[in-house]
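Trainee: Encoded as structure tokens, here's the structure I'll be asking about.
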Amino acid sequence: MARYFENGAGELVSDALSGFARAHADLVRYDAADGFVTARHTAPTRRVGLLSGGGSGHEPLHAGFVGAGMLDAACPGRVFASPHNRQIFRASRAVAGPGGVLHIVKNYTGDRINFGIAAERLADAGIACARVLVDDDLATDSEDIAAGRRGTGATVLLEKVLGAAADTGMGLDELVELGTGLAARCRTLAVASAAHHAPATGEPAFELPPGELEYGVGIHGERAARTREQAPLGALVEEMTGALLDALRPGAEESAVALVNGLGSVTSLELYAVFGELGRVLDARGVRLARHLVGDYVTALDMRGFSLTLMVADRAALDFYDAPVHTPALRW
């Protein structure tokens, strides 16, 4: 018997979106016919609409970040499945500004295909469209992986920065340049001590013996390149943070924005301990921690794990990050 609370197979996503829209009716609208969510409020200075999307099961990504200062629309697909290009096209058409629409796309084959088809349809309709590809997953940074690095936690940070930049009236090409440059300055690494449970069966996606850890796990339950013994938290976070810093190599005048992200079943107690260890390592390495988020932002259903994301940011990126935001899942 499936262990999720749902009305029936295939109904969980639509039921959840309906409930989400009612809970946040002051901020979002839900188009049930085409399966996308749009913002009720957007800055009058915004010339380019911002849209993202991907499989459900990663909540609050992406619908939770629709609202003032962030996304104009989100297209959730089925659990761990890309949204249909029809959803993306119709949502894009609904929120495109006079300067067009920007797609923020995580680097997965299905997402790239469906967002690409939607972009072609938008071009045929005379709507300017461009893409920022998020590919921050350090665990898949290998020449042996044809698709390249996966898109994970950095998506939240990029959506925040690009949302603020769009509010200044920045054009499509400028947003692509900003987003692409920042995406290259982001890396994420995730670990898990237990897999998520599949909604259809209630069974875990993979089994791990007690005391072992998937080091470099994916947000859809993809196994890591290696399974290893679970070390004490301080040593684990030091290894993960060191790997991220070695990949990013921040300069002496640069700062880091950090995301300590729960993958679904890790407690706040644990996440704040992770953050404490992260701060210790950054201090020891002489890296200034300028901003941070701690909590569940990009989950993998009920996976027992966490991810660390670092974004190397200059003063302009930090100013965009600090700009006001009011969405169901992020506001200041």
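Residue numbering restarts at 1 in every chain; chains get A, B, ... in the order shown in the structure tokens, and ligands count up from 1 in that same order.
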List every residue of stretch 115-214 of chain A that has an atom at most 10 Å from any atom of stretch 244-265 of chain A, giving for each one its closest atom pair and the distance in Å to one decimal, counting only C-alpha atoms, sorted by chain and then by ascending residue number, as a tab-separated table.

Mentor:
```
residue	atom	partner	partner_atom	distance
A:Asp137	CA	A:Leu244	CA	9.7
A:Leu138	CA	A:Leu244	CA	7.4
A:Asp141	CA	A:Ala247	CA	9.8
A:Gly153	CA	A:Leu259	CA	7.4
A:Ala154	CA	A:Leu259	CA	8.0
A:Val156	CA	A:Leu259	CA	8.9
A:Leu157	CA	A:Leu259	CA	8.2
A:Ala184	CA	A:Leu248	CA	8.6
A:Arg185	CA	A:Leu248	CA	6.4
A:Cys186	CA	A:Leu248	CA	7.3
A:Arg187	CA	A:Leu244	CA	6.1
A:Thr188	CA	A:Leu244	CA	7.0
A:Leu189	CA	A:Leu244	CA	7.4
A:Ala190	CA	A:Leu263	CA	8.6
A:Val191	CA	A:Leu263	CA	9.1
A:Ala192	CA	A:Leu263	CA	8.3
A:Ala194	CA	A:Ser265	CA	9.3
A:Ala195	CA	A:Ser265	CA	9.9
A:His196	CA	A:Gly264	CA	8.2
```

Trainee: With all heavy atoms retained, write the just-selected residues as a compact mmCIF listing (two decimals), in the first residue's frame.

Mentor:
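Written output follows (part.txt):
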```txt
# COMPACT_ATOMS: atom_id res chain seq x y z
N ASP A 137 25.34 20.85 -10.04
CA ASP A 137 25.60 19.65 -9.26
C ASP A 137 27.02 19.14 -9.45
O ASP A 137 27.38 18.62 -10.51
CB ASP A 137 24.60 18.55 -9.64
CG ASP A 137 24.83 17.26 -8.87
OD1 ASP A 137 25.21 17.35 -7.69
OD2 ASP A 137 24.65 16.18 -9.45
N LEU A 138 27.84 19.28 -8.42
CA LEU A 138 29.24 18.89 -8.51
C LEU A 138 29.41 17.39 -8.72
O LEU A 138 30.37 16.94 -9.36
CB LEU A 138 29.97 19.33 -7.23
CG LEU A 138 31.48 19.18 -7.21
CD1 LEU A 138 32.13 20.01 -8.31
CD2 LEU A 138 32.03 19.58 -5.85
N ASP A 141 29.80 16.41 -12.37
CA ASP A 141 30.77 17.19 -13.14
C ASP A 141 31.83 16.23 -13.68
O ASP A 141 32.90 16.07 -13.09
CB ASP A 141 31.39 18.26 -12.24
CG ASP A 141 32.16 19.29 -13.04
OD1 ASP A 141 32.31 19.10 -14.26
OD2 ASP A 141 32.59 20.29 -12.45
N GLY A 153 20.12 22.83 -6.24
CA GLY A 153 19.80 23.89 -5.29
C GLY A 153 20.05 25.30 -5.76
O GLY A 153 19.38 26.23 -5.31
N ALA A 154 21.02 25.51 -6.65
CA ALA A 154 21.32 26.86 -7.11
C ALA A 154 20.14 27.50 -7.82
O ALA A 154 20.09 28.73 -7.96
CB ALA A 154 22.53 26.84 -8.04
N VAL A 156 17.19 28.06 -6.78
CA VAL A 156 16.53 29.02 -5.88
C VAL A 156 17.28 30.34 -5.86
O VAL A 156 16.69 31.42 -5.96
CB VAL A 156 16.42 28.44 -4.46
CG1 VAL A 156 15.79 29.45 -3.51
CG2 VAL A 156 15.63 27.16 -4.46
N LEU A 157 18.60 30.28 -5.72
CA LEU A 157 19.40 31.50 -5.64
C LEU A 157 19.33 32.28 -6.96
O LEU A 157 19.22 33.51 -6.96
CB LEU A 157 20.84 31.15 -5.30
CG LEU A 157 21.05 30.35 -4.01
CD1 LEU A 157 22.54 30.07 -3.79
CD2 LEU A 157 20.46 31.09 -2.81
N ALA A 184 27.48 29.77 -13.51
CA ALA A 184 28.83 29.23 -13.56
C ALA A 184 29.56 29.39 -12.24
O ALA A 184 30.59 28.73 -12.02
CB ALA A 184 29.62 29.91 -14.68
N ARG A 185 29.04 30.23 -11.35
CA ARG A 185 29.65 30.49 -10.06
C ARG A 185 28.90 29.79 -8.93
O ARG A 185 29.03 30.17 -7.76
CB ARG A 185 29.72 31.99 -9.79
CG ARG A 185 30.44 32.78 -10.87
CD ARG A 185 31.92 32.43 -10.91
NE ARG A 185 32.68 33.13 -9.89
CZ ARG A 185 33.83 32.70 -9.39
NH1 ARG A 185 34.32 31.53 -9.76
NH2 ARG A 185 34.47 33.40 -8.48
N CYS A 186 28.12 28.78 -9.27
CA CYS A 186 27.35 28.01 -8.28
C CYS A 186 27.71 26.54 -8.36
O CYS A 186 27.84 25.99 -9.46
CB CYS A 186 25.84 28.13 -8.54
SG CYS A 186 25.14 29.77 -8.34
N ARG A 187 27.83 25.91 -7.21
CA ARG A 187 27.99 24.46 -7.16
C ARG A 187 27.22 23.91 -5.96
O ARG A 187 27.11 24.56 -4.92
CB ARG A 187 29.46 24.04 -7.05
CG ARG A 187 30.28 24.30 -8.29
CD ARG A 187 29.86 23.45 -9.49
NE ARG A 187 30.74 23.68 -10.62
CZ ARG A 187 30.59 24.66 -11.50
NH1 ARG A 187 29.57 25.51 -11.39
NH2 ARG A 187 31.45 24.79 -12.50
N THR A 188 26.73 22.68 -6.11
CA THR A 188 25.95 22.00 -5.08
C THR A 188 26.44 20.58 -4.92
O THR A 188 26.85 19.95 -5.90
CB THR A 188 24.45 22.00 -5.47
OG1 THR A 188 23.96 23.34 -5.51
CG2 THR A 188 23.62 21.20 -4.46
N LEU A 189 26.36 20.08 -3.70
CA LEU A 189 26.68 18.69 -3.42
C LEU A 189 25.66 18.17 -2.41
O LEU A 189 25.36 18.86 -1.42
CB LEU A 189 28.09 18.56 -2.87
CG LEU A 189 28.72 17.16 -2.79
CD1 LEU A 189 28.72 16.48 -4.15
CD2 LEU A 189 30.15 17.28 -2.27
N ALA A 190 25.11 16.97 -2.66
CA ALA A 190 24.06 16.41 -1.80
C ALA A 190 24.44 15.03 -1.30
O ALA A 190 25.10 14.26 -2.01
CB ALA A 190 22.73 16.33 -2.57
N VAL A 191 24.00 14.73 -0.08
CA VAL A 191 24.22 13.41 0.51
C VAL A 191 22.90 12.90 1.09
O VAL A 191 22.00 13.69 1.40
CB VAL A 191 25.28 13.44 1.63
CG1 VAL A 191 26.64 13.84 1.06
CG2 VAL A 191 24.87 14.37 2.76
N ALA A 192 22.78 11.60 1.21
CA ALA A 192 21.56 11.02 1.78
C ALA A 192 21.89 9.74 2.52
O ALA A 192 22.73 8.96 2.08
CB ALA A 192 20.52 10.73 0.69
N ALA A 194 19.15 7.82 3.44
CA ALA A 194 18.03 6.96 3.06
C ALA A 194 17.33 7.58 1.86
O ALA A 194 17.27 8.80 1.72
CB ALA A 194 17.03 6.80 4.22
N ALA A 195 16.80 6.74 0.99
CA ALA A 195 16.13 7.19 -0.22
C ALA A 195 14.73 7.71 0.07
O ALA A 195 14.15 7.46 1.14
CB ALA A 195 16.04 6.04 -1.22
N HIS A 196 14.17 8.41 -0.93
CA HIS A 196 12.76 8.77 -0.86
C HIS A 196 11.91 7.52 -1.14
O HIS A 196 12.41 6.50 -1.64
CB HIS A 196 12.43 9.84 -1.90
CG HIS A 196 12.46 9.34 -3.32
ND1 HIS A 196 13.61 9.31 -4.08
CD2 HIS A 196 11.48 8.82 -4.11
CE1 HIS A 196 13.33 8.80 -5.27
NE2 HIS A 196 12.05 8.50 -5.32
```

Trainee: Applying 9 Å and only C-alpha atoms, which residues near A:Arg150 remain after dropping the ones on its own chain fewer than 4 positions away? List them as a list of chain:residue names.

Mentor: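 Residues near the query, excluding close chain neighbours: A:Lys106, A:Asn107, A:Tyr108, A:Val134, A:Asp135, A:Asp136, A:Asp137, A:Leu138, A:Ala139, A:Thr140, A:Asp141, A:Gly218.
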
Trainee: Output the selection as a CSV table (one decimal), in the first residue's frame - N, CA, C and O atoms for each residue.

Mentor:
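File produced: result21.csv:
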```csv
chain,number,residue,atom,x,y,z
A,106,LYS,N,16.4,23.8,-15.2
A,106,LYS,CA,17.4,22.9,-14.6
A,106,LYS,C,17.9,21.9,-15.6
A,106,LYS,O,17.1,21.5,-16.5
A,107,ASN,N,19.2,21.5,-15.6
A,107,ASN,CA,19.8,20.7,-16.6
A,107,ASN,C,19.4,19.2,-16.5
A,107,ASN,O,20.2,18.4,-15.9
A,108,TYR,N,18.2,18.9,-17.0
A,108,TYR,CA,17.8,17.5,-17.1
A,108,TYR,C,17.2,17.4,-18.6
A,108,TYR,O,16.7,18.3,-19.1
A,134,VAL,N,20.6,26.0,-15.4
A,134,VAL,CA,21.2,25.8,-14.1
A,134,VAL,C,21.8,24.4,-14.1
A,134,VAL,O,21.1,23.4,-14.3
A,135,ASP,N,23.1,24.4,-13.9
A,135,ASP,CA,23.9,23.1,-13.9
A,135,ASP,C,24.9,23.1,-12.8
A,135,ASP,O,26.1,23.1,-13.1
A,136,ASP,N,24.5,23.1,-11.6
A,136,ASP,CA,25.3,23.3,-10.4
A,136,ASP,C,25.8,22.0,-9.7
A,136,ASP,O,26.6,22.1,-8.8
A,137,ASP,N,25.3,20.8,-10.0
A,137,ASP,CA,25.6,19.6,-9.3
A,137,ASP,C,27.0,19.1,-9.5
A,137,ASP,O,27.4,18.6,-10.5
A,138,LEU,N,27.8,19.3,-8.4
A,138,LEU,CA,29.2,18.9,-8.5
A,138,LEU,C,29.4,17.4,-8.7
A,138,LEU,O,30.4,16.9,-9.4
A,139,ALA,N,28.5,16.6,-8.2
A,139,ALA,CA,28.6,15.1,-8.3
A,139,ALA,C,28.5,14.6,-9.7
A,139,ALA,O,29.0,13.5,-10.0
A,140,THR,N,28.0,15.4,-10.7
A,140,THR,CA,27.9,15.0,-12.0
A,140,THR,C,28.8,15.8,-13.0
A,140,THR,O,28.5,15.9,-14.2
A,141,ASP,N,29.8,16.4,-12.4
A,141,ASP,CA,30.8,17.2,-13.1
A,141,ASP,C,31.8,16.2,-13.7
A,141,ASP,O,32.9,16.1,-13.1
A,218,GLY,N,21.3,12.4,-6.3
A,218,GLY,CA,20.5,13.3,-7.1
A,218,GLY,C,19.2,13.6,-6.5
A,218,GLY,O,18.7,12.8,-5.6
```

Trainee: Could you check which of A:Ala94, A:Leu102, A:Leu318, A:Ala81 is closest to A:Gly55, using only C-alpha atoms?

Mentor: A:Ala81

Trainee: Between stretch 48-146 of chain A and stretch 292-314 of chain A, at 6 Å or less, what are the per-residue closest atom pairs and their distances in Å? Count only C-alpha atoms, order by chain and rising residue number, and return it as CSV.

Mentor:
```
residue,atom,partner,partner_atom,distance
A:Gly57,CA,A:Leu301,CA,4.9
A:His58,CA,A:Thr299,CA,4.2
A:Glu59,CA,A:Thr299,CA,5.9
A:Pro60,CA,A:Tyr297,CA,5.7
A:Leu61,CA,A:Val298,CA,5.5
```

Trainee: Write to file, as a PDB file, in the first residue's frame, the residues of the selection just made, with N, CA, C and O atoms.

Mentor:
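Written file, again.pdb:
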```pdb
ATOM      1  N   GLY A  57       7.422  17.175  -6.459  1.00  0.00           N
ATOM      2  CA  GLY A  57       8.168  16.393  -5.486  1.00  0.00           C
ATOM      3  C   GLY A  57       9.354  17.129  -4.912  1.00  0.00           C
ATOM      4  O   GLY A  57      10.045  16.611  -4.033  1.00  0.00           O
ATOM      5  N   HIS A  58       9.590  18.369  -5.420  1.00  0.00           N
ATOM      6  CA  HIS A  58      10.713  19.177  -4.942  1.00  0.00           C
ATOM      7  C   HIS A  58      10.237  20.395  -4.148  1.00  0.00           C
ATOM      8  O   HIS A  58      11.004  21.344  -3.962  1.00  0.00           O
ATOM      9  N   GLU A  59       9.015  20.390  -3.699  1.00  0.00           N
ATOM     10  CA  GLU A  59       8.427  21.556  -3.071  1.00  0.00           C
ATOM     11  C   GLU A  59       9.267  22.048  -1.883  1.00  0.00           C
ATOM     12  O   GLU A  59       9.814  21.215  -1.146  1.00  0.00           O
ATOM     13  N   PRO A  60       9.375  23.417  -1.775  1.00  0.00           N
ATOM     14  CA  PRO A  60       8.582  24.445  -2.444  1.00  0.00           C
ATOM     15  C   PRO A  60       8.991  24.820  -3.868  1.00  0.00           C
ATOM     16  O   PRO A  60       8.312  25.615  -4.500  1.00  0.00           O
ATOM     17  N   LEU A  61      10.127  24.306  -4.370  1.00  0.00           N
ATOM     18  CA  LEU A  61      10.453  24.538  -5.767  1.00  0.00           C
ATOM     19  C   LEU A  61       9.361  23.925  -6.654  1.00  0.00           C
ATOM     20  O   LEU A  61       8.939  22.795  -6.397  1.00  0.00           O
TER      21      LEU A  61
END
```

Trainee: Considering only C-alpha atoms, give me a table of residues in stretch 111-210 of chain A that are at most 12 Å from stretch 23-42 of chain A, with the closest atom pair and distance in Å for each, as CSV.

Mentor:
```
residue,atom,partner,partner_atom,distance
A:Gly163,CA,A:Thr42,CA,9.9
A:Ala164,CA,A:Thr42,CA,10.8
A:Ala166,CA,A:Thr42,CA,10.1
A:Asp167,CA,A:Thr42,CA,8.1
A:Thr168,CA,A:Thr42,CA,11.6
A:Gly169,CA,A:Thr42,CA,11.7
```

Trainee: Here is a test: counting only C-alpha atoms, which residue of A:Ala225, A:Leu162, A:Ala118, A:Val66 is nearest to A:Arg86?

Mentor: A:Ala118

Trainee: Report as a PyMOL selection string all protein, DNA and RNA residues lying within 7 Å of A:Gly49, evaluated on only C-alpha atoms, omitting residues in the same chain fewer than 2 positions from it.

Mentor: chain A and resi 47+51+72+95-97+100-102

Trainee: List every residue of stretch 25-264 of chain A that DSSP, applied to the backbone, labels as strand (DSSP E or B), and write the result as a ChimeraX atom specification.

Mentor: /A:28-31,36-39,49-56,66,68,71,73-79,97,100-106,129-134,137,186-194,197,204,212-215,226-229,255-262,264

Trainee: Here is a test: counting only C-alpha atoms, which residue of A:Leu178, A:Val217, A:Val105, A:Met70 is nearest to A:Ser52?

Mentor: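 Between A:Leu178, A:Val217, A:Val105, A:Met70, the residue approaching A:Ser52 most closely is A:Val105.
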
Trainee: Between atom CA of A:Thr152 and atom CA of A:Gly216, what is the distance, to one decimal in Å?

Mentor: 11.6 Å

Trainee: Taking 3 positions as the minimum chain separation for residues in the same chain, which residues sit within 10 Å of A:Asp322 when counting only C-alpha atoms? Answer as JSON, numbers by chain.

Mentor: {"A": [160, 161, 164, 291, 316, 317, 318, 319, 325, 332]}

Trainee: Which one is closest to A:Pro76: A:Asn114, A:Leu50, A:Cys129, A:Leu17? Count only C-alpha atoms.

Mentor: A:Leu17

Trainee: Report, in Å to a single decimal, how far apart atom CA of A:Arg22 and atom CA of A:His103 are.

Mentor: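 Atom CA of A:Arg22 lies 25.6 Å from atom CA of A:His103.
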
Trainee: Give the alpha helix (DSSP H) residues of stretch 181-234 of chain A, as DSSP finds them on the backbone, and put them as a list of chain:residue names.

Mentor: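 Of stretch 181-234 of chain A, the ones in alpha helix (DSSP H) are A:Gly181, A:Leu182, A:Ala183, A:Leu233, A:Gly234.
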
Trainee: Between A:Phe115, A:Phe206, A:Phe80, A:Tyr321, which one has atoms that come closest to A:Ser92, using only C-alpha atoms?

Mentor: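 Smallest separation from A:Ser92 among the options: A:Phe115.
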